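Enquirer: Hey, dropping coords07.txt in here, compact mmCIF, C-alpha atoms:
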```
# COMPACT_ATOMS: atom_id res chain seq x y z
CA MET Z 9 9.78 -32.83 15.82
CA VAL Z 10 12.05 -32.07 12.87
CA THR Z 11 12.50 -28.35 12.30
CA ALA Z 12 11.56 -27.27 8.77
CA ARG Z 13 13.92 -24.74 7.27
CA ILE Z 14 13.56 -21.97 4.73
CA THR Z 15 15.40 -23.49 1.79
CA ASP Z 16 15.43 -20.65 -0.73
CA LEU Z 17 14.40 -17.11 -1.53
CA ASP Z 18 13.49 -16.65 -5.19
CA VAL Z 19 13.10 -13.24 -6.82
CA VAL Z 20 11.15 -12.69 -10.04
CA ASP Z 21 10.95 -9.46 -12.08
CA ILE Z 22 7.29 -9.14 -13.15
CA ARG Z 23 6.07 -6.24 -15.29
CA PHE Z 24 2.69 -5.35 -16.81
CA PRO Z 25 2.30 -2.97 -19.80
CA THR Z 26 -0.13 -0.55 -18.15
CA SER Z 27 1.47 2.53 -19.74
CA ARG Z 28 -0.07 1.64 -23.09
CA GLU Z 29 -3.54 2.66 -21.88
CA PHE Z 30 -2.24 5.40 -19.52
CA ASP Z 31 -3.42 3.36 -16.54
CA GLY Z 32 -1.64 4.73 -13.48
CA SER Z 33 -0.56 7.97 -15.17
CA ASP Z 34 -0.06 11.07 -13.05
CA ALA Z 35 1.82 14.38 -13.08
CA MET Z 36 5.12 12.82 -12.00
CA ASN Z 37 4.76 9.41 -13.62
CA PRO Z 38 3.25 9.77 -17.11
CA ASP Z 39 4.08 6.27 -18.38
CA PRO Z 40 4.10 3.71 -15.55
CA ASP Z 41 4.27 -0.01 -16.21
CA TYR Z 42 2.90 -1.51 -13.00
CA SER Z 43 5.52 -3.98 -11.82
CA ALA Z 44 6.43 -6.24 -8.93
CA ALA Z 45 9.80 -7.39 -7.64
CA TYR Z 46 8.30 -10.66 -6.48
CA VAL Z 47 9.56 -12.85 -3.62
CA ILE Z 48 8.96 -16.54 -2.95
CA LEU Z 49 10.13 -18.07 0.33
CA ARG Z 50 10.41 -21.83 -0.09
CA THR Z 51 10.54 -24.30 2.78
CA GLU Z 52 11.19 -27.99 3.35
CA ALA Z 53 8.10 -28.31 5.53
CA GLY Z 54 6.43 -30.78 3.19
CA ASP Z 55 3.06 -29.02 3.39
CA GLY Z 56 3.55 -27.20 0.08
CA LEU Z 57 3.23 -23.80 1.73
CA GLU Z 58 5.39 -20.91 0.55
CA GLY Z 59 5.62 -17.24 1.51
CA HIS Z 60 4.86 -14.83 -1.32
CA ALA Z 61 5.24 -11.04 -1.38
CA PHE Z 62 6.52 -8.23 -3.57
CA THR Z 63 7.60 -4.64 -3.79
CA PHE Z 64 5.75 -2.40 -6.24
CA THR Z 65 7.60 -0.34 -8.86
CA ILE Z 66 6.55 1.30 -12.12
CA GLY Z 67 8.85 -0.56 -14.49
CA ARG Z 68 12.59 -0.15 -14.87
CA GLY Z 69 13.00 0.27 -11.11
CA ASN Z 70 12.48 -3.47 -10.87
CA ASP Z 71 16.08 -4.00 -12.00
CA VAL Z 72 17.41 -2.37 -8.85
CA GLN Z 73 14.65 -3.59 -6.54
CA ALA Z 74 14.98 -7.25 -7.50
CA THR Z 75 18.75 -7.08 -6.99
CA ALA Z 76 18.25 -5.59 -3.51
CA ILE Z 77 15.85 -8.36 -2.52
CA ALA Z 78 18.21 -11.04 -3.82
CA ALA Z 79 20.95 -9.57 -1.60
CA LEU Z 80 18.87 -10.62 1.44
CA ARG Z 81 18.77 -14.32 0.50
CA ASP Z 82 21.57 -15.39 2.84
CA HIS Z 83 19.87 -13.62 5.76
CA VAL Z 84 16.83 -15.92 5.69
CA VAL Z 85 17.80 -19.18 3.97
CA GLY Z 86 18.40 -21.78 6.67
CA LEU Z 87 16.19 -20.16 9.28
CA SER Z 88 13.55 -22.26 11.03
CA ALA Z 89 10.20 -21.77 9.32
CA GLN Z 90 8.41 -22.48 12.60
CA ALA Z 91 10.49 -19.90 14.47
CA VAL Z 92 10.04 -17.06 11.98
CA CYS Z 93 6.31 -17.74 11.67
CA ALA Z 94 5.97 -17.66 15.46
CA ASP Z 95 7.83 -14.32 15.55
CA PRO Z 96 7.98 -12.48 12.20
CA GLY Z 97 9.51 -9.59 14.13
CA SER Z 98 12.68 -11.62 14.45
CA VAL Z 99 13.26 -11.31 10.70
CA TYR Z 100 12.29 -7.64 10.70
CA ARG Z 101 14.70 -6.89 13.55
CA ALA Z 102 17.54 -8.90 12.00
CA LEU Z 103 17.25 -7.20 8.62
CA THR Z 104 16.75 -3.63 9.86
CA GLY Z 105 19.47 -4.16 12.48
CA ASP Z 106 22.17 -5.40 10.11
CA SER Z 107 24.84 -2.71 10.11
CA GLN Z 108 25.76 -3.26 6.46
CA LEU Z 109 22.16 -2.84 5.36
CA ARG Z 110 21.56 0.13 7.65
CA TRP Z 111 24.47 1.92 6.04
CA LEU Z 112 22.47 1.90 2.79
CA GLY Z 113 19.50 3.60 4.47
CA PRO Z 114 19.05 3.53 7.26
CA GLU Z 115 15.51 2.19 6.97
CA LYS Z 116 14.62 3.96 3.76
CA GLY Z 117 14.72 3.58 0.02
CA VAL Z 118 15.32 0.53 -2.13
CA MET Z 119 16.91 -1.63 0.56
CA HIS Z 120 14.19 -0.92 3.11
CA MET Z 121 11.54 -1.81 0.53
CA ALA Z 122 13.44 -5.04 -0.09
CA VAL Z 123 13.31 -5.74 3.65
CA GLY Z 124 9.57 -5.08 3.57
CA ALA Z 125 9.07 -7.58 0.76
CA VAL Z 126 10.89 -10.34 2.66
CA VAL Z 127 9.09 -9.52 5.92
CA ASN Z 128 5.70 -9.56 4.15
CA ALA Z 129 6.57 -12.95 2.65
CA VAL Z 130 7.18 -14.23 6.20
CA TRP Z 131 3.74 -12.97 7.25
CA ASP Z 132 2.16 -14.63 4.23
CA LEU Z 133 3.82 -17.91 5.21
CA ALA Z 134 2.85 -17.48 8.88
CA ALA Z 135 -0.80 -16.82 8.06
CA LYS Z 136 -0.96 -19.77 5.67
CA ARG Z 137 0.51 -22.07 8.33
CA ALA Z 138 -2.03 -20.71 10.82
CA GLY Z 139 -4.88 -21.23 8.34
CA ARG Z 140 -6.03 -17.61 8.61
CA PRO Z 141 -5.88 -14.41 6.55
CA VAL Z 142 -3.35 -11.90 7.84
CA TRP Z 143 -6.03 -9.49 9.09
CA ARG Z 144 -7.49 -12.24 11.27
CA LEU Z 145 -4.07 -13.41 12.44
CA LEU Z 146 -3.36 -9.88 13.64
CA ALA Z 147 -6.80 -9.31 15.13
CA ASP Z 148 -6.70 -12.57 17.09
CA ALA Z 149 -3.17 -12.01 18.46
CA GLU Z 150 -2.51 -11.05 22.05
CA PRO Z 151 -1.75 -7.34 22.56
CA GLU Z 152 1.62 -8.04 24.14
CA TRP Z 153 2.69 -10.23 21.20
CA LEU Z 154 1.64 -7.56 18.71
CA ALA Z 155 3.52 -4.90 20.64
CA ASP Z 156 6.61 -7.11 20.52
CA GLN Z 157 6.38 -7.05 16.72
CA VAL Z 158 6.98 -3.29 16.76
CA ASP Z 159 10.37 -1.58 16.90
CA PHE Z 160 9.90 1.38 19.22
CA ARG Z 161 13.34 2.84 18.52
CA TYR Z 162 13.05 6.50 17.54
CA ILE Z 163 9.30 6.69 18.22
CA GLU Z 164 9.12 6.27 22.00
CA ASP Z 165 8.84 10.03 22.40
CA ALA Z 166 5.49 9.71 20.63
CA LEU Z 167 4.38 6.16 21.48
CA THR Z 168 5.68 3.84 24.18
CA ARG Z 169 5.26 0.09 24.28
CA GLU Z 170 2.97 0.46 27.28
CA GLU Z 171 0.74 2.88 25.37
CA ALA Z 172 0.67 0.50 22.41
CA VAL Z 173 -0.38 -2.43 24.60
CA ASP Z 174 -3.12 -0.29 26.13
CA LEU Z 175 -4.43 0.72 22.69
CA LEU Z 176 -4.43 -2.92 21.60
CA ARG Z 177 -6.15 -4.10 24.78
CA ARG Z 178 -8.88 -1.52 24.30
CA GLY Z 179 -9.15 -2.62 20.68
CA LYS Z 180 -10.06 -6.11 21.85
CA ASP Z 181 -13.33 -4.84 23.30
CA GLY Z 182 -16.06 -5.67 20.80
CA ALA Z 183 -13.57 -7.15 18.31
CA ALA Z 184 -15.62 -10.30 17.71
CA GLU Z 185 -18.72 -8.29 16.85
CA ARG Z 186 -16.73 -6.03 14.51
CA ALA Z 187 -15.17 -9.03 12.78
CA ALA Z 188 -18.64 -10.39 12.12
CA ARG Z 189 -19.75 -7.00 10.81
CA LEU Z 190 -16.69 -6.82 8.56
CA LEU Z 191 -17.39 -10.24 7.09
CA ALA Z 192 -21.02 -9.27 6.50
CA HIS Z 193 -20.58 -5.75 5.14
CA GLY Z 194 -16.96 -5.25 4.10
CA TYR Z 195 -14.78 -2.15 4.43
CA PRO Z 196 -15.37 1.23 2.69
CA ALA Z 197 -13.42 1.89 -0.50
CA TYR Z 198 -12.78 4.78 -2.85
CA THR Z 199 -11.67 4.51 -6.45
CA THR Z 200 -8.92 6.21 -8.41
CA SER Z 201 -9.78 4.36 -11.62
CA PRO Z 202 -11.60 7.35 -13.24
CA GLY Z 203 -8.88 9.88 -12.48
CA TRP Z 204 -5.63 8.94 -14.23
CA LEU Z 205 -4.09 12.00 -15.80
CA GLY Z 206 -3.78 10.52 -19.29
CA TYR Z 207 -7.50 9.76 -19.61
CA SER Z 208 -9.75 11.84 -21.86
CA ASP Z 209 -12.60 13.87 -20.34
CA GLU Z 210 -15.05 11.44 -21.92
CA LYS Z 211 -13.40 8.49 -20.23
CA LEU Z 212 -13.26 10.42 -16.94
CA VAL Z 213 -17.00 11.11 -17.06
CA ARG Z 214 -17.90 7.55 -18.03
CA LEU Z 215 -15.79 5.99 -15.28
CA ALA Z 216 -16.84 8.53 -12.64
CA LYS Z 217 -20.51 7.88 -13.28
CA GLN Z 218 -19.87 4.15 -13.25
CA ALA Z 219 -18.08 4.46 -9.91
CA VAL Z 220 -21.10 6.15 -8.33
CA ALA Z 221 -23.40 3.53 -9.82
CA ASP Z 222 -21.14 0.85 -8.33
CA GLY Z 223 -21.62 2.28 -4.84
CA PHE Z 224 -18.45 4.35 -4.35
CA THR Z 225 -18.95 7.54 -2.36
CA GLN Z 226 -15.46 8.91 -3.11
CA ILE Z 227 -13.32 9.07 -6.23
CA LYS Z 228 -9.85 10.53 -6.83
CA LEU Z 229 -8.33 12.58 -9.64
CA LYS Z 230 -4.68 13.09 -10.44
CA VAL Z 231 -3.67 16.75 -10.73
CA GLY Z 232 -0.57 18.90 -10.98
CA ALA Z 233 0.51 19.06 -14.62
CA ASP Z 234 -1.53 22.04 -15.80
CA LEU Z 235 -3.85 24.20 -13.70
CA ALA Z 236 -6.30 24.97 -16.50
CA ASP Z 237 -6.59 21.27 -17.28
CA ASP Z 238 -7.06 20.44 -13.60
CA LEU Z 239 -9.81 23.00 -13.21
CA ARG Z 240 -11.60 21.66 -16.27
CA ARG Z 241 -11.23 18.01 -15.20
CA LEU Z 242 -12.34 18.67 -11.63
CA ARG Z 243 -15.31 20.73 -12.86
CA THR Z 244 -16.19 17.91 -15.25
CA ALA Z 245 -15.91 15.27 -12.54
CA ARG Z 246 -17.99 17.31 -10.11
CA ALA Z 247 -20.73 17.69 -12.70
CA ALA Z 248 -20.63 13.95 -13.36
CA VAL Z 249 -20.91 12.78 -9.73
CA GLY Z 250 -22.86 15.60 -8.11
CA PRO Z 251 -22.26 17.51 -4.87
CA ASP Z 252 -22.48 14.63 -2.40
CA VAL Z 253 -19.69 12.39 -3.68
CA ARG Z 254 -16.24 13.18 -2.29
CA ILE Z 255 -13.53 13.94 -4.83
CA ALA Z 256 -9.96 13.68 -3.58
CA VAL Z 257 -7.12 15.09 -5.68
CA ASP Z 258 -3.54 13.84 -5.83
CA ALA Z 259 -0.51 15.87 -6.95
CA ASN Z 260 2.06 13.08 -6.52
CA GLN Z 261 4.67 15.44 -4.99
CA ARG Z 262 4.63 17.79 -8.00
CA TRP Z 263 4.63 21.14 -6.20
CA SER Z 264 6.69 23.34 -3.94
CA VAL Z 265 4.96 24.43 -0.74
CA ALA Z 266 3.83 27.78 -2.16
CA GLU Z 267 2.60 26.16 -5.38
CA ALA Z 268 0.67 23.58 -3.40
CA VAL Z 269 -1.19 26.25 -1.46
CA GLU Z 270 -1.92 28.37 -4.52
CA TRP Z 271 -2.97 25.46 -6.74
CA THR Z 272 -5.13 23.75 -4.12
CA ASN Z 273 -6.92 27.00 -3.30
CA ALA Z 274 -7.63 27.47 -7.00
CA LEU Z 275 -9.23 24.01 -7.09
CA ALA Z 276 -11.19 24.63 -3.89
CA ARG Z 277 -14.22 26.01 -5.77
CA TYR Z 278 -15.05 22.40 -6.72
CA ALA Z 279 -14.80 21.13 -3.14
CA PRO Z 280 -11.90 18.67 -3.24
CA TYR Z 281 -11.99 16.49 -0.12
CA TRP Z 282 -8.22 16.14 0.27
CA ILE Z 283 -5.05 17.11 -1.51
CA GLU Z 284 -2.70 14.14 -1.57
CA GLU Z 285 1.09 14.37 -1.67
CA PRO Z 286 1.10 18.14 -2.29
CA THR Z 287 4.89 18.36 -1.95
CA SER Z 288 7.95 16.29 -1.05
CA PRO Z 289 7.02 13.44 1.32
CA ASP Z 290 10.13 14.23 3.37
CA ASP Z 291 9.06 17.83 4.05
CA VAL Z 292 7.24 17.60 7.36
CA LEU Z 293 7.11 21.34 8.00
CA GLY Z 294 6.13 21.94 4.38
CA HIS Z 295 3.11 19.70 4.81
CA ALA Z 296 2.20 21.59 7.98
CA ALA Z 297 2.36 24.88 6.06
CA VAL Z 298 0.24 23.48 3.24
CA ARG Z 299 -2.32 22.18 5.71
CA LYS Z 300 -2.60 25.60 7.30
CA GLY Z 301 -2.81 27.29 3.92
CA VAL Z 302 -5.49 25.16 2.26
CA ALA Z 303 -7.93 24.40 5.10
CA PRO Z 304 -10.71 23.25 5.04
CA VAL Z 305 -9.32 21.02 2.26
CA LYS Z 306 -7.61 18.14 4.05
CA VAL Z 307 -3.98 17.13 3.53
CA ALA Z 308 -3.13 13.46 2.97
CA THR Z 309 0.22 11.79 2.47
CA GLY Z 310 2.13 8.59 3.12
CA GLU Z 311 2.63 6.37 0.09
CA HIS Z 312 6.23 7.58 -0.31
CA VAL Z 313 7.01 8.23 3.35
CA HIS Z 314 10.14 6.25 4.18
CA ASN Z 315 9.48 4.90 7.65
CA ARG Z 316 7.70 5.16 10.99
CA VAL Z 317 9.97 8.02 12.09
CA VAL Z 318 8.75 10.40 9.38
CA PHE Z 319 5.16 9.39 10.07
CA LYS Z 320 5.78 10.16 13.73
CA GLN Z 321 7.00 13.63 12.83
CA LEU Z 322 4.06 14.31 10.50
CA LEU Z 323 1.71 13.46 13.35
CA GLN Z 324 3.64 15.41 15.98
CA ALA Z 325 3.72 18.48 13.74
CA GLY Z 326 0.00 18.33 12.98
CA ALA Z 327 0.98 18.24 9.31
CA ILE Z 328 -1.66 15.84 7.94
CA ASP Z 329 -5.38 15.20 8.25
CA VAL Z 330 -5.21 11.77 6.61
CA LEU Z 331 -2.40 9.22 6.98
CA GLN Z 332 -1.78 6.93 4.01
CA ILE Z 333 0.11 3.74 4.71
CA ASP Z 334 1.54 1.64 1.90
CA ALA Z 335 1.89 -2.12 2.34
CA ALA Z 336 5.11 -2.31 0.30
CA ARG Z 337 6.94 0.98 0.96
CA VAL Z 338 8.10 0.55 4.56
CA GLY Z 339 9.49 -2.51 6.38
CA GLY Z 340 6.45 -4.72 5.93
CA VAL Z 341 3.66 -5.60 8.35
CA ASN Z 342 5.79 -4.95 11.42
CA GLU Z 343 6.53 -1.33 10.60
CA ASN Z 344 2.98 -0.73 9.42
CA LEU Z 345 1.80 -1.93 12.83
CA ALA Z 346 3.90 0.83 14.37
CA ILE Z 347 2.40 3.40 12.01
CA LEU Z 348 -1.17 2.25 12.65
CA LEU Z 349 -0.56 2.51 16.39
CA LEU Z 350 0.88 6.01 16.02
CA ALA Z 351 -2.14 7.10 13.98
CA ALA Z 352 -4.50 5.58 16.55
CA LYS Z 353 -2.83 7.47 19.38
CA TYR Z 354 -3.01 10.79 17.50
CA GLY Z 355 -6.58 10.19 16.30
CA VAL Z 356 -5.73 10.58 12.61
CA PRO Z 357 -7.67 8.38 10.18
CA VAL Z 358 -5.73 5.94 8.00
CA CYS Z 359 -6.72 5.73 4.33
CA PRO Z 360 -4.19 3.46 2.64
CA HIS Z 361 -2.57 3.95 -0.72
CA ALA Z 362 -3.26 1.05 -3.08
CA GLY Z 363 -2.56 2.42 -6.57
CA GLY Z 364 -0.40 -0.35 -7.98
CA VAL Z 365 -0.28 -4.03 -8.80
CA GLY Z 366 -1.26 -6.11 -5.77
CA LEU Z 367 -1.38 -3.23 -3.31
CA CYS Z 368 -5.17 -3.45 -2.95
CA GLU Z 369 -4.78 -7.14 -2.13
CA LEU Z 370 -2.27 -6.45 0.64
CA VAL Z 371 -3.35 -3.30 2.36
CA ARG Z 372 -6.96 -4.35 2.96
CA HIS Z 373 -5.61 -6.74 5.61
CA LEU Z 374 -4.01 -3.88 7.55
CA SER Z 375 -7.09 -1.64 7.48
CA MET Z 376 -9.35 -4.51 8.45
CA PHE Z 377 -7.15 -5.34 11.43
CA ASP Z 378 -7.21 -1.66 12.39
CA PHE Z 379 -11.02 -1.67 12.36
CA VAL Z 380 -11.52 -4.99 14.11
CA ALA Z 381 -8.87 -4.85 16.84
CA LEU Z 382 -7.36 -1.37 17.12
CA THR Z 383 -9.45 1.75 16.42
CA GLY Z 384 -12.82 -0.01 16.07
CA THR Z 385 -14.09 2.47 13.47
CA THR Z 386 -14.32 3.09 9.74
CA GLU Z 387 -15.45 6.70 10.11
CA ASP Z 388 -13.67 8.86 7.49
CA ARG Z 389 -11.61 5.81 6.57
CA VAL Z 390 -11.50 4.34 3.07
CA ILE Z 391 -9.08 2.08 1.21
CA GLU Z 392 -8.01 3.12 -2.28
CA TYR Z 393 -9.13 0.84 -5.09
CA VAL Z 394 -7.90 0.66 -8.67
CA ASP Z 395 -9.46 -1.72 -11.16
CA HIS Z 396 -6.26 -3.17 -12.60
CA LEU Z 397 -4.49 -6.55 -12.59
CA HIS Z 398 -6.43 -8.29 -9.82
CA GLU Z 399 -6.98 -11.31 -12.05
CA HIS Z 400 -3.32 -12.24 -11.64
CA PHE Z 401 -3.73 -13.05 -7.93
CA LYS Z 402 -5.00 -16.26 -6.36
CA ASP Z 403 -6.98 -14.32 -3.72
CA PRO Z 404 -8.00 -11.18 -5.62
CA VAL Z 405 -9.81 -8.18 -4.23
CA VAL Z 406 -13.59 -8.29 -4.46
CA ILE Z 407 -15.58 -5.05 -4.31
CA ALA Z 408 -19.31 -5.07 -3.55
CA ASP Z 409 -21.35 -1.87 -3.40
CA GLY Z 410 -18.25 0.28 -3.06
CA ARG Z 411 -16.76 -1.80 -0.24
CA TYR Z 412 -13.89 -4.27 0.07
CA VAL Z 413 -15.14 -7.79 0.83
CA ALA Z 414 -13.09 -9.27 3.68
CA PRO Z 415 -10.72 -12.01 2.48
CA THR Z 416 -11.06 -15.40 4.15
CA ALA Z 417 -8.30 -17.41 2.44
CA PRO Z 418 -5.19 -18.06 4.55
CA GLY Z 419 -2.25 -15.76 3.85
CA PHE Z 420 -1.59 -12.17 2.80
CA SER Z 421 -3.42 -12.41 -0.58
CA SER Z 422 -0.04 -11.81 -2.20
CA GLN Z 423 0.40 -14.97 -4.27
CA MET Z 424 0.18 -14.64 -8.05
CA HIS Z 425 -0.96 -17.35 -10.44
CA ALA Z 426 1.92 -19.36 -11.89
CA ALA Z 427 0.59 -18.62 -15.39
CA SER Z 428 0.75 -14.87 -14.74
CA ILE Z 429 4.32 -15.11 -13.53
CA ALA Z 430 5.26 -17.15 -16.59
CA ALA Z 431 3.64 -14.66 -18.95
CA TYR Z 432 4.84 -11.38 -17.44
CA ARG Z 433 8.27 -12.32 -16.10
CA TYR Z 434 10.66 -9.77 -17.60
CA PRO Z 435 12.21 -9.98 -20.15
CA ASP Z 436 11.71 -13.65 -21.03
CA GLY Z 437 8.07 -14.27 -20.07
CA SER Z 438 5.79 -15.25 -22.93
CA PHE Z 439 4.15 -11.81 -23.19
CA TRP Z 440 7.41 -9.87 -23.22
CA ALA Z 441 9.17 -12.32 -25.53
CA ALA Z 442 6.33 -12.01 -28.05
CA ASP Z 443 6.28 -8.23 -27.62
CA LEU Z 444 10.01 -7.99 -28.29
CA ALA Z 445 9.71 -10.20 -31.36
CA GLU Z 446 6.91 -8.02 -32.71
CA ARG Z 447 8.90 -4.84 -32.18
CA ARG Z 448 11.95 -6.34 -33.86
CA LYS Z 449 9.80 -7.39 -36.79
CA GLY Z 450 8.50 -3.84 -37.05
CA THR Z 451 11.99 -2.35 -37.23
CA THR Z 452 12.99 -4.65 -40.10
CA ARG Z 453 10.07 -3.74 -42.35
```
Output the file's structure in the form of structure tokens.
Expert:
Amino acid sequence: MVTARITDLDVVDIRFPTSREFDGSDAMNPDPDYSAAYVILRTEAGDGLEGHAFTFTIGRGNDVQATAIAALRDHVVGLSAQAVCADPGSVYRALTGDSQLRWLGPEKGVMHMAVGAVVNAVWDLAAKRAGRPVWRLLADAEPEWLADQVDFRYIEDALTREEAVDLLRRGKDGAAERAARLLAHGYPAYTTSPGWLGYSDEKLVRLAKQAVADGFTQIKLKVGADLADDLRRLRTARAAVGPDVRIAVDANQRWSVAEAVEWTNALARYAPYWIEEPTSPDDVLGHAAVRKGVAPVKVATGEHVHNRVVFKQLLQAGAIDVLQIDAARVGGVNENLAILLLAAKYGVPVCPHAGGVGLCELVRHLSMFDFVALTGTTEDRVIEYVDHLHEHFKDPVVIADGRYVAPTAPGFSSQMHAASIAAYRYPDGSFWAADLAERRKGTTR
């Protein structure tokens, strides 16, 4: 049999003008343009299958992120497509083990996110070749193979390979029944769509009431810019949804430790369910202090946590009540497997971050695997949902009665429509070219 090779790695800068309606706005990021440094792995297999993935940014960061991904081209072009699909961990290990790349991290920041994008593209290709969605590919895999996808360096003091295999073997019990239940009933979601900081109170109330009518039992509000405004907005939201709907609040790293405790306790009269990213994501002991200071309000963090090592420390220190993975922040599926296993061992629920273009599409696969073949539960577990930009994806998220419908199409749900790429490629896509022409016309009047 002729071995098909990976023939190219293309990178596309894709940006959407979400800042114009304040979609995505929060205390630290008032004007985000949801963007994707988008990867396409091309092969000579002749079956037309490609691996697609991306790293999420909020606009200008795409310049740097796309350049970082392009720097990885020579690491994967020429590799056997069959070999990397049989062992995606081989790509993960090669990229995270390269001494030149590690010097830029190690395993953190822009280069690590670039690694994650390439690794996720491999998983997309592998799942397409297997004819299964990524969640099913993971759930059907043998425990030993899954454990071999994980790099246990630096985390063996918290989780050994043997413990991981045991967790995965136990997760196999009842997996078929849970997969059927997932396909029938979906996975619980919560929505951030009502809570962007730039929205008016009227829009907040309208969207919060709509969320409850749509079946969501939890919403989230951005906080942290002004305490009086936060108190008013949280009071308004609580009046709109009633006492039984959970309201999480998210500070997006705005506060010092002392501010986080003081501010969260001031908001406590309106029963926030969790405070998300109360302080720097690198401050493990700070999170532990916040958690102690704001109980019974829960502490959640993870969307900006660099790698499995920091997650390990957060769990060891008892610093969080809720662990939030991000599909595009760390080193792709392989590192998220490590983080899911750590959370399972420590008994901490995982509620993924998905506030960004395409993140809902990706992270549902990881949570669904966790339910079907690892923890076996959705108790106190929800996936974030934002109602933006799903129409640009070939396998978009579907929400029914406040729950994620399980995807059935092969792949990682990461592939965008060609027309969307052509329109929103920056700066020469049709949308941005027309936008630039309009702005130039305005300056000449």
Enquirer: Find the residues with any atom within 7 Å of (-15.6, 16.7, 0.2); use only C-alpha atoms and the coordinates as given in the file, and write the answer as a list of chain:residue names.
Expert: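 Within the cut-off we find Z:Arg254, Z:Ile255, Z:Ala279, Z:Pro280, Z:Tyr281.
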Enquirer: Would you write out, as a Markdown table, a table of all residues in range 53-136 of chain Z that have an atom no more than 12 Å from an atom of range 21-29 of chain Z, listing for each the closest atom pair and the distance in Å to one decimal, considering only C-alpha atoms and ordering rows by chain and rising residue number?
Expert:
```
| residue | atom | partner | partner_atom | distance |
| --- | --- | --- | --- | --- |
| Z:Phe62 | CA | Z:Ile22 | CA | 9.7 |
| Z:Thr63 | CA | Z:Asp21 | CA | 10.2 |
| Z:Phe64 | CA | Z:Ile22 | CA | 9.8 |
| Z:Thr65 | CA | Z:Arg23 | CA | 8.9 |
| Z:Ile66 | CA | Z:Arg23 | CA | 8.2 |
| Z:Gly67 | CA | Z:Arg23 | CA | 6.4 |
| Z:Arg68 | CA | Z:Arg23 | CA | 8.9 |
| Z:Gly69 | CA | Z:Asp21 | CA | 10.0 |
| Z:Asn70 | CA | Z:Asp21 | CA | 6.3 |
| Z:Asp71 | CA | Z:Asp21 | CA | 7.5 |
| Z:Val72 | CA | Z:Asp21 | CA | 10.1 |
| Z:Gln73 | CA | Z:Asp21 | CA | 8.9 |
| Z:Ala74 | CA | Z:Asp21 | CA | 6.5 |
| Z:Thr75 | CA | Z:Asp21 | CA | 9.6 |
| Z:Ala76 | CA | Z:Asp21 | CA | 11.9 |
| Z:Ile77 | CA | Z:Asp21 | CA | 10.8 |
| Z:Ala78 | CA | Z:Asp21 | CA | 11.1 |
```
Enquirer: With only C-alpha atoms as the basis for distance, which of Z:Ala408, Z:Leu239, Z:Ala248, Z:Val19 is at the shortest distance from Lys217 in chain Z?
Expert: Z:Ala248
Enquirer: Please, which residues in range 56-119 of chain Z fall within 9 Å of range 416-421 of chain Z when counting all atoms listed in the file, and what is the closest atom pair and distance in Å to one decimal for each, ordered by chain then residue number, as JSON lines?
Expert:
```
{"residue": "Z:Gly59", "atom": "CA", "partner": "Z:Gly419", "partner_atom": "CA", "distance": 8.3}
{"residue": "Z:His60", "atom": "CA", "partner": "Z:Phe420", "partner_atom": "CA", "distance": 8.1}
{"residue": "Z:Ala61", "atom": "CA", "partner": "Z:Phe420", "partner_atom": "CA", "distance": 8.1}
```
Enquirer: Would you write out those residues with C-alpha atoms, as a tab-separated table (two decimals), in the coordinates of the input?
Expert:
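To be explicit, this is the file written out as result23.tsv:
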```tsv
chain	number	residue	atom	x	y	z
Z	59	GLY	CA	5.62	-17.24	1.51
Z	60	HIS	CA	4.86	-14.83	-1.32
Z	61	ALA	CA	5.24	-11.04	-1.38
```
Enquirer: Would you mind telling me which residue in Z:Asn342, Z:His314, Z:Val130, Z:Ser98 lies nearest to Arg50 in chain Z when using only C-alpha atoms?
Expert: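 Ranked by minimum distance to Arg50 in chain Z, first place goes to Z:Val130.
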Enquirer: Please, what distance in Å, to one decimal, runs between CA of Gly105 in chain Z and CA of Arg372 in chain Z?
Expert: 28.1 Å
Enquirer: Mind pulling up the distance from CA of Val257 in chain Z to CA of Trp271 in chain Z?
Expert: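 It comes out at 11.2 Å.
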Enquirer: When you count all atoms listed in the file, which of these residues is closest to Ala256 in chain Z: Z:Ala297, Z:Thr309, Z:Val92, Z:Asp290?
Expert: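 Closest residue, counting all atoms listed in the file: Z:Thr309.
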Enquirer: Please provide the set of residues having any atom within 9 Å of Val231 in chain Z, restricted to all atoms listed in the file, with same-chain residues fewer than 5 positions apart removed, written as JSON, numbers by chain.
Expert: {"Z": [34, 35, 203, 204, 205, 237, 238, 241, 242, 257, 258, 259, 260, 262]}
Enquirer: Compare Z:Lys306, Z:Leu49, Z:His361, Z:Arg101 by their minimum atom-to-atom distance to Phe160 in chain Z, counting all atoms listed in the file, and give me the closest one.
Expert: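 Residue with the minimum atom-to-atom distance to Phe160 in chain Z: Z:Arg101.
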Enquirer: Taking only C-alpha atoms into account, which of Z:Asp174, Z:Glu311, Z:Asp234, Z:Glu267 comes nearest Val298 in chain Z?
Expert: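 Between Z:Asp174, Z:Glu311, Z:Asp234, Z:Glu267, the residue approaching Val298 in chain Z most closely is Z:Glu267.
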Enquirer: Residues within 12 Å of (-13.3, 3.2, 1.6), file coordinates, counting only C-alpha atoms: what are they? Give the list as a ChimeraX atom specification.
Expert: /Z:194-200,223-228,254,357-362,368,371-372,375-376,385-394,407-413
Enquirer: With all atoms listed in the file as the counted atoms, please give the residues lying no more than 12 Å from Gly355 in chain Z, apart from itself and same-chain residues fewer than 6 positions off, as a list in words.
Expert: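 The neighbour list is Leu175, Leu323, Gln324, Gly326, Ile328, Asp329, Val330, Leu331, Leu348, Leu349, Leu382, Thr383, Gly384, Thr385, Glu387, Asp388 and Arg389 of chain Z.
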